[in-house]
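For reference, run-v4.txt is printed below; it contains compact mmCIF, N, CA and C atoms.
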# COMPACT_ATOMS: atom_id res chain seq x y z
N MET A 1 12.72 -0.73 -52.02
CA MET A 1 13.52 0.25 -51.32
C MET A 1 14.85 0.37 -52.05
N THR A 2 15.29 1.58 -52.32
CA THR A 2 16.53 1.78 -53.05
C THR A 2 17.66 2.13 -52.10
N GLN A 3 18.86 1.76 -52.49
CA GLN A 3 20.05 2.06 -51.71
C GLN A 3 20.42 3.53 -51.93
N PRO A 4 20.91 4.21 -50.89
CA PRO A 4 21.37 5.58 -51.09
C PRO A 4 22.60 5.58 -52.00
N ASP A 5 22.74 6.62 -52.81
CA ASP A 5 23.86 6.74 -53.72
C ASP A 5 25.10 7.17 -52.94
N LEU A 6 26.07 6.27 -52.86
CA LEU A 6 27.31 6.58 -52.17
C LEU A 6 28.34 7.05 -53.17
N GLY A 7 28.98 8.16 -52.87
CA GLY A 7 30.04 8.67 -53.72
C GLY A 7 31.30 7.83 -53.58
N THR A 8 32.25 8.07 -54.46
CA THR A 8 33.51 7.33 -54.44
C THR A 8 34.23 7.51 -53.11
N ALA A 9 34.24 8.73 -52.58
CA ALA A 9 34.92 8.99 -51.31
C ALA A 9 34.25 8.22 -50.18
N ASP A 10 32.91 8.14 -50.19
CA ASP A 10 32.19 7.40 -49.17
C ASP A 10 32.51 5.91 -49.24
N LEU A 11 32.60 5.37 -50.46
CA LEU A 11 32.93 3.95 -50.62
C LEU A 11 34.35 3.67 -50.13
N ALA A 12 35.27 4.57 -50.44
CA ALA A 12 36.66 4.38 -49.98
C ALA A 12 36.72 4.42 -48.46
N THR A 13 35.98 5.33 -47.85
CA THR A 13 35.95 5.43 -46.39
C THR A 13 35.35 4.17 -45.78
N ALA A 14 34.28 3.66 -46.39
CA ALA A 14 33.65 2.43 -45.90
C ALA A 14 34.60 1.25 -46.03
N ASP A 15 35.34 1.17 -47.14
CA ASP A 15 36.31 0.09 -47.33
C ASP A 15 37.42 0.16 -46.29
N LEU A 16 37.90 1.38 -45.99
CA LEU A 16 38.94 1.54 -44.98
C LEU A 16 38.43 1.15 -43.60
N ALA A 17 37.20 1.51 -43.30
CA ALA A 17 36.62 1.15 -42.00
C ALA A 17 36.49 -0.36 -41.89
N THR A 18 36.02 -1.00 -42.95
CA THR A 18 35.87 -2.45 -42.94
C THR A 18 37.23 -3.13 -42.78
N ALA A 19 38.24 -2.65 -43.48
CA ALA A 19 39.59 -3.21 -43.35
C ALA A 19 40.12 -2.98 -41.93
N GLY A 20 39.86 -1.82 -41.37
CA GLY A 20 40.29 -1.53 -40.01
C GLY A 20 39.62 -2.43 -38.99
N HIS A 21 38.33 -2.69 -39.19
CA HIS A 21 37.60 -3.59 -38.29
C HIS A 21 38.16 -5.01 -38.37
N ALA A 22 38.48 -5.44 -39.58
CA ALA A 22 39.04 -6.78 -39.75
C ALA A 22 40.41 -6.88 -39.09
N ALA A 23 41.24 -5.86 -39.26
CA ALA A 23 42.57 -5.86 -38.65
C ALA A 23 42.47 -5.84 -37.13
N ALA A 24 41.53 -5.05 -36.60
CA ALA A 24 41.35 -5.01 -35.14
C ALA A 24 40.87 -6.36 -34.63
N GLY A 25 40.00 -7.01 -35.37
CA GLY A 25 39.53 -8.35 -34.98
C GLY A 25 40.67 -9.35 -34.95
N GLU A 26 41.56 -9.30 -35.94
CA GLU A 26 42.72 -10.19 -35.97
C GLU A 26 43.65 -9.93 -34.80
N LEU A 27 43.85 -8.66 -34.46
CA LEU A 27 44.69 -8.32 -33.32
C LEU A 27 44.10 -8.87 -32.02
N LEU A 28 42.80 -8.68 -31.84
CA LEU A 28 42.16 -9.18 -30.62
C LEU A 28 42.19 -10.70 -30.56
N ARG A 29 42.07 -11.37 -31.71
CA ARG A 29 42.19 -12.83 -31.72
C ARG A 29 43.58 -13.27 -31.29
N ALA A 30 44.60 -12.53 -31.71
CA ALA A 30 45.98 -12.86 -31.33
C ALA A 30 46.19 -12.71 -29.83
N LEU A 31 45.44 -11.83 -29.21
CA LEU A 31 45.58 -11.59 -27.77
C LEU A 31 44.62 -12.44 -26.94
N ALA A 32 43.89 -13.34 -27.57
CA ALA A 32 42.79 -14.04 -26.91
C ALA A 32 43.21 -15.21 -26.03
N ALA A 33 44.48 -15.50 -25.91
CA ALA A 33 44.93 -16.60 -25.05
C ALA A 33 45.57 -16.04 -23.79
N PRO A 34 45.23 -16.60 -22.62
CA PRO A 34 45.83 -16.11 -21.37
C PRO A 34 47.36 -16.09 -21.39
N ALA A 35 47.98 -17.08 -22.00
CA ALA A 35 49.45 -17.10 -22.07
C ALA A 35 49.97 -15.92 -22.89
N ARG A 36 49.27 -15.57 -23.96
CA ARG A 36 49.71 -14.44 -24.78
C ARG A 36 49.50 -13.12 -24.04
N VAL A 37 48.45 -13.02 -23.25
CA VAL A 37 48.26 -11.84 -22.40
C VAL A 37 49.43 -11.72 -21.43
N ALA A 38 49.82 -12.84 -20.82
CA ALA A 38 50.94 -12.83 -19.88
C ALA A 38 52.25 -12.45 -20.58
N ILE A 39 52.44 -12.93 -21.80
CA ILE A 39 53.65 -12.57 -22.55
C ILE A 39 53.69 -11.08 -22.83
N VAL A 40 52.56 -10.52 -23.26
CA VAL A 40 52.50 -9.07 -23.53
C VAL A 40 52.82 -8.28 -22.27
N LEU A 41 52.26 -8.69 -21.14
CA LEU A 41 52.52 -7.97 -19.89
C LEU A 41 53.99 -8.08 -19.50
N ALA A 42 54.59 -9.25 -19.69
CA ALA A 42 56.01 -9.42 -19.36
C ALA A 42 56.88 -8.57 -20.27
N LEU A 43 56.57 -8.55 -21.57
CA LEU A 43 57.36 -7.76 -22.51
C LEU A 43 57.12 -6.27 -22.34
N ASN A 44 56.02 -5.91 -21.72
CA ASN A 44 55.79 -4.50 -21.41
C ASN A 44 56.79 -4.01 -20.35
N GLU A 45 57.24 -4.93 -19.50
CA GLU A 45 58.22 -4.59 -18.47
C GLU A 45 59.62 -4.41 -19.06
N ARG A 46 59.99 -5.35 -19.97
CA ARG A 46 61.31 -5.28 -20.61
C ARG A 46 61.37 -6.29 -21.74
N ALA A 47 62.34 -6.12 -22.62
CA ALA A 47 62.58 -7.08 -23.69
C ALA A 47 63.08 -8.38 -23.08
N MET A 48 62.67 -9.51 -23.66
CA MET A 48 63.08 -10.81 -23.13
C MET A 48 63.30 -11.81 -24.25
N CYS A 49 64.18 -12.77 -23.95
CA CYS A 49 64.39 -13.93 -24.82
C CYS A 49 63.41 -15.03 -24.40
N VAL A 50 63.31 -16.06 -25.22
CA VAL A 50 62.39 -17.16 -24.93
C VAL A 50 62.66 -17.76 -23.56
N HIS A 51 63.91 -18.04 -23.24
CA HIS A 51 64.20 -18.69 -21.96
C HIS A 51 63.84 -17.80 -20.78
N GLU A 52 63.93 -16.49 -20.94
CA GLU A 52 63.53 -15.58 -19.86
C GLU A 52 62.00 -15.60 -19.68
N LEU A 53 61.28 -15.67 -20.79
CA LEU A 53 59.82 -15.77 -20.70
C LEU A 53 59.41 -17.10 -20.08
N VAL A 54 60.12 -18.18 -20.42
CA VAL A 54 59.85 -19.50 -19.83
C VAL A 54 60.00 -19.42 -18.31
N ASP A 55 61.10 -18.83 -17.85
CA ASP A 55 61.35 -18.71 -16.41
C ASP A 55 60.35 -17.79 -15.72
N THR A 56 60.02 -16.69 -16.37
CA THR A 56 59.12 -15.69 -15.77
C THR A 56 57.68 -16.20 -15.69
N LEU A 57 57.23 -16.86 -16.75
CA LEU A 57 55.82 -17.26 -16.85
C LEU A 57 55.56 -18.69 -16.42
N HIS A 58 56.62 -19.45 -16.15
CA HIS A 58 56.49 -20.85 -15.75
C HIS A 58 55.72 -21.68 -16.78
N LEU A 59 56.05 -21.42 -18.04
CA LEU A 59 55.52 -22.21 -19.16
C LEU A 59 56.68 -22.97 -19.77
N ASN A 60 56.37 -24.00 -20.55
CA ASN A 60 57.47 -24.71 -21.20
C ASN A 60 57.89 -23.99 -22.49
N GLN A 61 59.08 -24.28 -22.94
CA GLN A 61 59.65 -23.58 -24.09
C GLN A 61 58.81 -23.72 -25.37
N PRO A 62 58.31 -24.91 -25.71
CA PRO A 62 57.48 -25.00 -26.91
C PRO A 62 56.21 -24.12 -26.83
N GLN A 63 55.59 -24.04 -25.65
CA GLN A 63 54.41 -23.19 -25.50
C GLN A 63 54.76 -21.73 -25.75
N VAL A 64 55.82 -21.27 -25.13
CA VAL A 64 56.23 -19.87 -25.28
C VAL A 64 56.56 -19.58 -26.74
N SER A 65 57.30 -20.47 -27.38
CA SER A 65 57.66 -20.27 -28.79
C SER A 65 56.43 -20.22 -29.69
N GLN A 66 55.47 -21.11 -29.43
CA GLN A 66 54.25 -21.14 -30.23
C GLN A 66 53.47 -19.83 -30.06
N HIS A 67 53.32 -19.37 -28.83
CA HIS A 67 52.58 -18.13 -28.58
C HIS A 67 53.32 -16.92 -29.16
N LEU A 68 54.64 -16.92 -29.07
CA LEU A 68 55.42 -15.82 -29.67
C LEU A 68 55.25 -15.80 -31.18
N ARG A 69 55.16 -16.97 -31.81
CA ARG A 69 54.95 -17.04 -33.25
C ARG A 69 53.63 -16.38 -33.63
N VAL A 70 52.58 -16.67 -32.87
CA VAL A 70 51.27 -16.05 -33.14
C VAL A 70 51.36 -14.54 -32.97
N LEU A 71 51.99 -14.11 -31.88
CA LEU A 71 52.10 -12.67 -31.62
C LEU A 71 52.96 -11.97 -32.67
N LYS A 72 54.00 -12.65 -33.11
CA LYS A 72 54.88 -12.06 -34.14
C LYS A 72 54.14 -11.97 -35.47
N ASN A 73 53.43 -13.03 -35.85
CA ASN A 73 52.68 -13.03 -37.12
C ASN A 73 51.56 -12.00 -37.12
N SER A 74 51.09 -11.63 -35.94
CA SER A 74 50.01 -10.65 -35.82
C SER A 74 50.53 -9.22 -35.67
N GLY A 75 51.84 -9.06 -35.67
CA GLY A 75 52.41 -7.73 -35.56
C GLY A 75 52.40 -7.17 -34.15
N VAL A 76 52.29 -8.03 -33.15
CA VAL A 76 52.26 -7.60 -31.75
C VAL A 76 53.67 -7.49 -31.18
N VAL A 77 54.52 -8.47 -31.52
CA VAL A 77 55.91 -8.46 -31.05
C VAL A 77 56.85 -8.52 -32.24
N VAL A 78 58.07 -8.14 -31.99
CA VAL A 78 59.13 -8.23 -32.98
C VAL A 78 60.35 -8.81 -32.29
N GLY A 79 61.10 -9.63 -33.03
CA GLY A 79 62.30 -10.23 -32.47
C GLY A 79 63.55 -9.60 -33.04
N HIS A 80 64.54 -9.37 -32.19
CA HIS A 80 65.84 -8.82 -32.58
C HIS A 80 66.91 -9.79 -32.12
N ARG A 81 67.83 -10.15 -33.02
CA ARG A 81 68.89 -11.08 -32.68
C ARG A 81 69.83 -10.42 -31.67
N ARG A 82 70.14 -11.18 -30.61
CA ARG A 82 71.09 -10.75 -29.57
C ARG A 82 72.05 -11.92 -29.38
N GLY A 83 73.14 -11.89 -30.14
CA GLY A 83 74.06 -13.02 -30.12
C GLY A 83 73.39 -14.25 -30.69
N ARG A 84 73.35 -15.32 -29.91
CA ARG A 84 72.71 -16.56 -30.35
C ARG A 84 71.22 -16.58 -30.06
N GLU A 85 70.72 -15.60 -29.34
CA GLU A 85 69.31 -15.58 -28.93
C GLU A 85 68.54 -14.49 -29.68
N VAL A 86 67.23 -14.61 -29.61
CA VAL A 86 66.35 -13.59 -30.17
C VAL A 86 65.65 -12.92 -28.99
N GLU A 87 65.76 -11.61 -28.95
CA GLU A 87 65.12 -10.84 -27.88
C GLU A 87 63.82 -10.26 -28.45
N TYR A 88 62.73 -10.46 -27.71
CA TYR A 88 61.41 -10.03 -28.17
C TYR A 88 60.98 -8.76 -27.44
N THR A 89 60.36 -7.86 -28.19
CA THR A 89 59.80 -6.62 -27.64
C THR A 89 58.42 -6.41 -28.24
N LEU A 90 57.62 -5.59 -27.57
CA LEU A 90 56.34 -5.19 -28.14
C LEU A 90 56.59 -4.21 -29.28
N VAL A 91 55.74 -4.28 -30.29
CA VAL A 91 55.88 -3.38 -31.44
C VAL A 91 55.68 -1.93 -31.00
N ASP A 92 54.68 -1.70 -30.14
CA ASP A 92 54.45 -0.36 -29.61
C ASP A 92 53.67 -0.44 -28.30
N ASP A 93 53.50 0.70 -27.66
CA ASP A 93 52.82 0.76 -26.37
C ASP A 93 51.31 0.52 -26.46
N HIS A 94 50.74 0.65 -27.65
CA HIS A 94 49.29 0.47 -27.78
C HIS A 94 48.86 -0.93 -27.36
N ILE A 95 49.69 -1.91 -27.68
CA ILE A 95 49.36 -3.30 -27.35
C ILE A 95 49.26 -3.46 -25.83
N ALA A 96 50.21 -2.92 -25.11
CA ALA A 96 50.20 -3.01 -23.65
C ALA A 96 48.98 -2.31 -23.08
N HIS A 97 48.60 -1.18 -23.67
CA HIS A 97 47.42 -0.45 -23.19
C HIS A 97 46.15 -1.28 -23.40
N ILE A 98 46.05 -1.93 -24.54
CA ILE A 98 44.87 -2.76 -24.80
C ILE A 98 44.75 -3.85 -23.73
N VAL A 99 45.86 -4.53 -23.45
CA VAL A 99 45.84 -5.63 -22.49
C VAL A 99 45.59 -5.13 -21.08
N THR A 100 46.27 -4.07 -20.66
CA THR A 100 46.07 -3.57 -19.29
C THR A 100 44.66 -3.01 -19.13
N ASP A 101 44.14 -2.34 -20.15
CA ASP A 101 42.76 -1.85 -20.07
C ASP A 101 41.77 -3.00 -19.96
N ALA A 102 42.02 -4.08 -20.68
CA ALA A 102 41.14 -5.26 -20.58
C ALA A 102 41.19 -5.85 -19.18
N LEU A 103 42.38 -5.94 -18.61
CA LEU A 103 42.51 -6.47 -17.24
C LEU A 103 41.81 -5.57 -16.23
N ILE A 104 41.96 -4.28 -16.38
CA ILE A 104 41.26 -3.34 -15.49
C ILE A 104 39.75 -3.51 -15.63
N HIS A 105 39.30 -3.63 -16.86
CA HIS A 105 37.86 -3.78 -17.12
C HIS A 105 37.30 -5.03 -16.45
N VAL A 106 37.97 -6.17 -16.60
CA VAL A 106 37.43 -7.40 -16.02
C VAL A 106 37.55 -7.39 -14.51
N THR A 107 38.56 -6.73 -13.99
CA THR A 107 38.69 -6.63 -12.53
C THR A 107 37.57 -5.79 -11.95
N GLU A 108 37.26 -4.68 -12.58
CA GLU A 108 36.15 -3.84 -12.13
C GLU A 108 34.84 -4.59 -12.24
N GLY A 109 34.65 -5.31 -13.32
CA GLY A 109 33.41 -6.04 -13.55
C GLY A 109 33.21 -7.18 -12.58
N SER A 110 34.29 -7.74 -12.04
CA SER A 110 34.14 -8.88 -11.14
C SER A 110 33.58 -8.48 -9.79
N HIS A 111 33.62 -7.19 -9.48
CA HIS A 111 33.08 -6.72 -8.21
C HIS A 111 31.65 -6.20 -8.36
N GLY A 112 31.15 -6.22 -9.60
CA GLY A 112 29.77 -5.79 -9.81
C GLY A 112 29.60 -4.29 -9.86
N GLU A 113 30.69 -3.55 -9.69
CA GLU A 113 30.61 -2.10 -9.75
C GLU A 113 31.44 -1.63 -10.93
N GLY A 114 31.01 -0.55 -11.52
CA GLY A 114 31.78 0.05 -12.58
C GLY A 114 31.66 -0.66 -13.91
N SER A 115 30.88 -1.72 -13.99
CA SER A 115 30.71 -2.37 -15.28
C SER A 115 29.32 -2.04 -15.80
N HIS A 116 29.32 -1.39 -16.93
CA HIS A 116 28.07 -1.00 -17.55
C HIS A 116 28.07 -1.55 -18.96
N GLY A 117 26.96 -2.07 -19.38
CA GLY A 117 26.84 -2.56 -20.74
C GLY A 117 26.67 -1.42 -21.71
N VAL A 118 26.71 -1.73 -23.00
CA VAL A 118 26.56 -0.71 -24.02
C VAL A 118 25.21 -0.02 -23.87
N GLY A 119 24.19 -0.78 -23.60
CA GLY A 119 22.86 -0.18 -23.42
C GLY A 119 22.83 0.78 -22.25
N ASP A 120 23.58 0.48 -21.20
CA ASP A 120 23.64 1.37 -20.05
C ASP A 120 24.26 2.70 -20.43
N ARG A 121 25.33 2.66 -21.23
CA ARG A 121 25.99 3.90 -21.63
C ARG A 121 25.07 4.72 -22.51
N GLU A 122 24.34 4.06 -23.39
CA GLU A 122 23.45 4.78 -24.29
C GLU A 122 22.32 5.43 -23.52
N ALA A 123 21.94 4.87 -22.39
CA ALA A 123 20.85 5.42 -21.58
C ALA A 123 21.39 6.40 -20.56
N GLY A 124 22.61 6.88 -20.76
CA GLY A 124 23.17 7.85 -19.83
C GLY A 124 23.65 7.23 -18.53
N GLY A 125 24.03 5.94 -18.58
CA GLY A 125 24.58 5.29 -17.39
C GLY A 125 23.51 4.69 -16.50
N GLN A 126 22.25 4.83 -16.85
CA GLN A 126 21.19 4.27 -16.02
C GLN A 126 20.45 3.24 -16.85
N SER A 127 20.30 2.06 -16.28
CA SER A 127 19.57 1.03 -17.01
C SER A 127 18.09 1.13 -16.68
N GLU A 128 17.32 0.83 -17.71
CA GLU A 128 15.87 0.87 -17.53
C GLU A 128 15.37 -0.51 -17.18
N VAL A 129 14.50 -0.59 -16.22
CA VAL A 129 13.91 -1.86 -15.83
C VAL A 129 12.47 -1.86 -16.31
N PRO A 130 12.09 -2.87 -17.11
CA PRO A 130 10.70 -2.89 -17.60
C PRO A 130 9.73 -3.01 -16.44
N ALA A 131 8.62 -2.31 -16.58
CA ALA A 131 7.61 -2.32 -15.51
C ALA A 131 6.72 -3.52 -15.61
What do you get writing this file as structure tokens?
Amino acid sequence: MTQPDLGTADLATADLATAGHAAAGELLRALAAPARVAIVLALNERAMCVHELVDTLHLNQPQVSQHLRVLKNSGVVVGHRRGREVEYTLVDDHIAHIVTDALIHVTEGSHGEGSHGVGDREAGGQSEVPA
């Protein structure tokens, strides 16, 4: 069996898609800890310093700093110096949407309604039961 001949434009598009998938995977990995989800939700409300996040989330300072480092390295948050402190904000609103959509999804799924698998969507929202 021979491979189809892909043109240069097709290869470039495939490379961009692969790079995009890898970047999306890295972003989702950065958001994969409950504490980091809580940090994103708190920063969605307003910019905060480490000590404000510690007070708001009831975590210790080393935990908050470690999670902020992961989020910063992943491009989720950015820090701005405010006097002696660093104030953290979300890079953009997309991050908050990803997290809130995930929370909505799991909340809907926990009640057994409104959660459909990929196969359900492909079948027009109705799952087939083998006879």
Padding 6 Å on each side, edges along x, y and z: where is the centre of the box around the listed atoms of region 62-79 of chain A, and how long are its edges in Å to one decimal? Output it as JSON.
{"center_x": 56.8, "center_y": -16.1, "center_z": -31.1, "size_x": 25.5, "size_y": 29.8, "size_z": 24.0}
Quick one: residues within 12 Å of region 57-62 of chain A, only C-alpha atoms, excluding same-chain residues fewer than 2 positions away - as a short mmCIF file (atom, residue, chain, number, x, y, z; two decimals) with N, CA and C atoms, in the frame of the given file?
data_model
loop_
_atom_site.label_atom_id
_atom_site.label_comp_id
_atom_site.auth_asym_id
_atom_site.auth_seq_id
_atom_site.Cartn_x
_atom_site.Cartn_y
_atom_site.Cartn_z
N PRO A 34 45.23 -16.60 -22.62
CA PRO A 34 45.83 -16.11 -21.37
C PRO A 34 47.36 -16.09 -21.39
N ALA A 35 47.98 -17.08 -22.00
CA ALA A 35 49.45 -17.10 -22.07
C ALA A 35 49.97 -15.92 -22.89
N ARG A 36 49.27 -15.57 -23.96
CA ARG A 36 49.71 -14.44 -24.78
C ARG A 36 49.50 -13.12 -24.04
N VAL A 37 48.45 -13.02 -23.25
CA VAL A 37 48.26 -11.84 -22.40
C VAL A 37 49.43 -11.72 -21.43
N ALA A 38 49.82 -12.84 -20.82
CA ALA A 38 50.94 -12.83 -19.88
C ALA A 38 52.25 -12.45 -20.58
N ILE A 39 52.44 -12.93 -21.80
CA ILE A 39 53.65 -12.57 -22.55
C ILE A 39 53.69 -11.08 -22.83
N VAL A 40 52.56 -10.52 -23.26
CA VAL A 40 52.50 -9.07 -23.53
C VAL A 40 52.82 -8.28 -22.27
N LEU A 41 52.26 -8.69 -21.14
CA LEU A 41 52.52 -7.97 -19.89
C LEU A 41 53.99 -8.08 -19.50
N ALA A 42 54.59 -9.25 -19.69
CA ALA A 42 56.01 -9.42 -19.36
C ALA A 42 56.88 -8.57 -20.27
N LEU A 43 56.57 -8.55 -21.57
CA LEU A 43 57.36 -7.76 -22.51
C LEU A 43 57.12 -6.27 -22.34
N MET A 48 62.67 -9.51 -23.66
CA MET A 48 63.08 -10.81 -23.13
C MET A 48 63.30 -11.81 -24.25
N CYS A 49 64.18 -12.77 -23.95
CA CYS A 49 64.39 -13.93 -24.82
C CYS A 49 63.41 -15.03 -24.40
N VAL A 50 63.31 -16.06 -25.22
CA VAL A 50 62.39 -17.16 -24.93
C VAL A 50 62.66 -17.76 -23.56
N HIS A 51 63.91 -18.04 -23.24
CA HIS A 51 64.20 -18.69 -21.96
C HIS A 51 63.84 -17.80 -20.78
N GLU A 52 63.93 -16.49 -20.94
CA GLU A 52 63.53 -15.58 -19.86
C GLU A 52 62.00 -15.60 -19.68
N LEU A 53 61.28 -15.67 -20.79
CA LEU A 53 59.82 -15.77 -20.70
C LEU A 53 59.41 -17.10 -20.08
N VAL A 54 60.12 -18.18 -20.42
CA VAL A 54 59.85 -19.50 -19.83
C VAL A 54 60.00 -19.42 -18.31
N ASP A 55 61.10 -18.83 -17.85
CA ASP A 55 61.35 -18.71 -16.41
C ASP A 55 60.35 -17.79 -15.72
N VAL A 64 55.82 -21.27 -25.13
CA VAL A 64 56.23 -19.87 -25.28
C VAL A 64 56.56 -19.58 -26.74
N SER A 65 57.30 -20.47 -27.38
CA SER A 65 57.66 -20.27 -28.79
C SER A 65 56.43 -20.22 -29.69
N GLN A 66 55.47 -21.11 -29.43
CA GLN A 66 54.25 -21.14 -30.23
C GLN A 66 53.47 -19.83 -30.06
N HIS A 67 53.32 -19.37 -28.83
CA HIS A 67 52.58 -18.13 -28.58
C HIS A 67 53.32 -16.92 -29.16
N LEU A 68 54.64 -16.92 -29.07
CA LEU A 68 55.42 -15.82 -29.67
C LEU A 68 55.25 -15.80 -31.18
N ARG A 69 55.16 -16.97 -31.81
CA ARG A 69 54.95 -17.04 -33.25
C ARG A 69 53.63 -16.38 -33.63
#
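Interatomic distance, CA of Val70 (chain A) against CA of Leu27 (chain A): 10.2 Å.
Coordinates place atom N of Asn44 (chain A) at a distance of 10.9 Å from atom C of Val77 (chain A).
Atom to atom, atom C of Thr89 (chain A) and CA of Ala19 (chain A) stand 24.4 Å apart.
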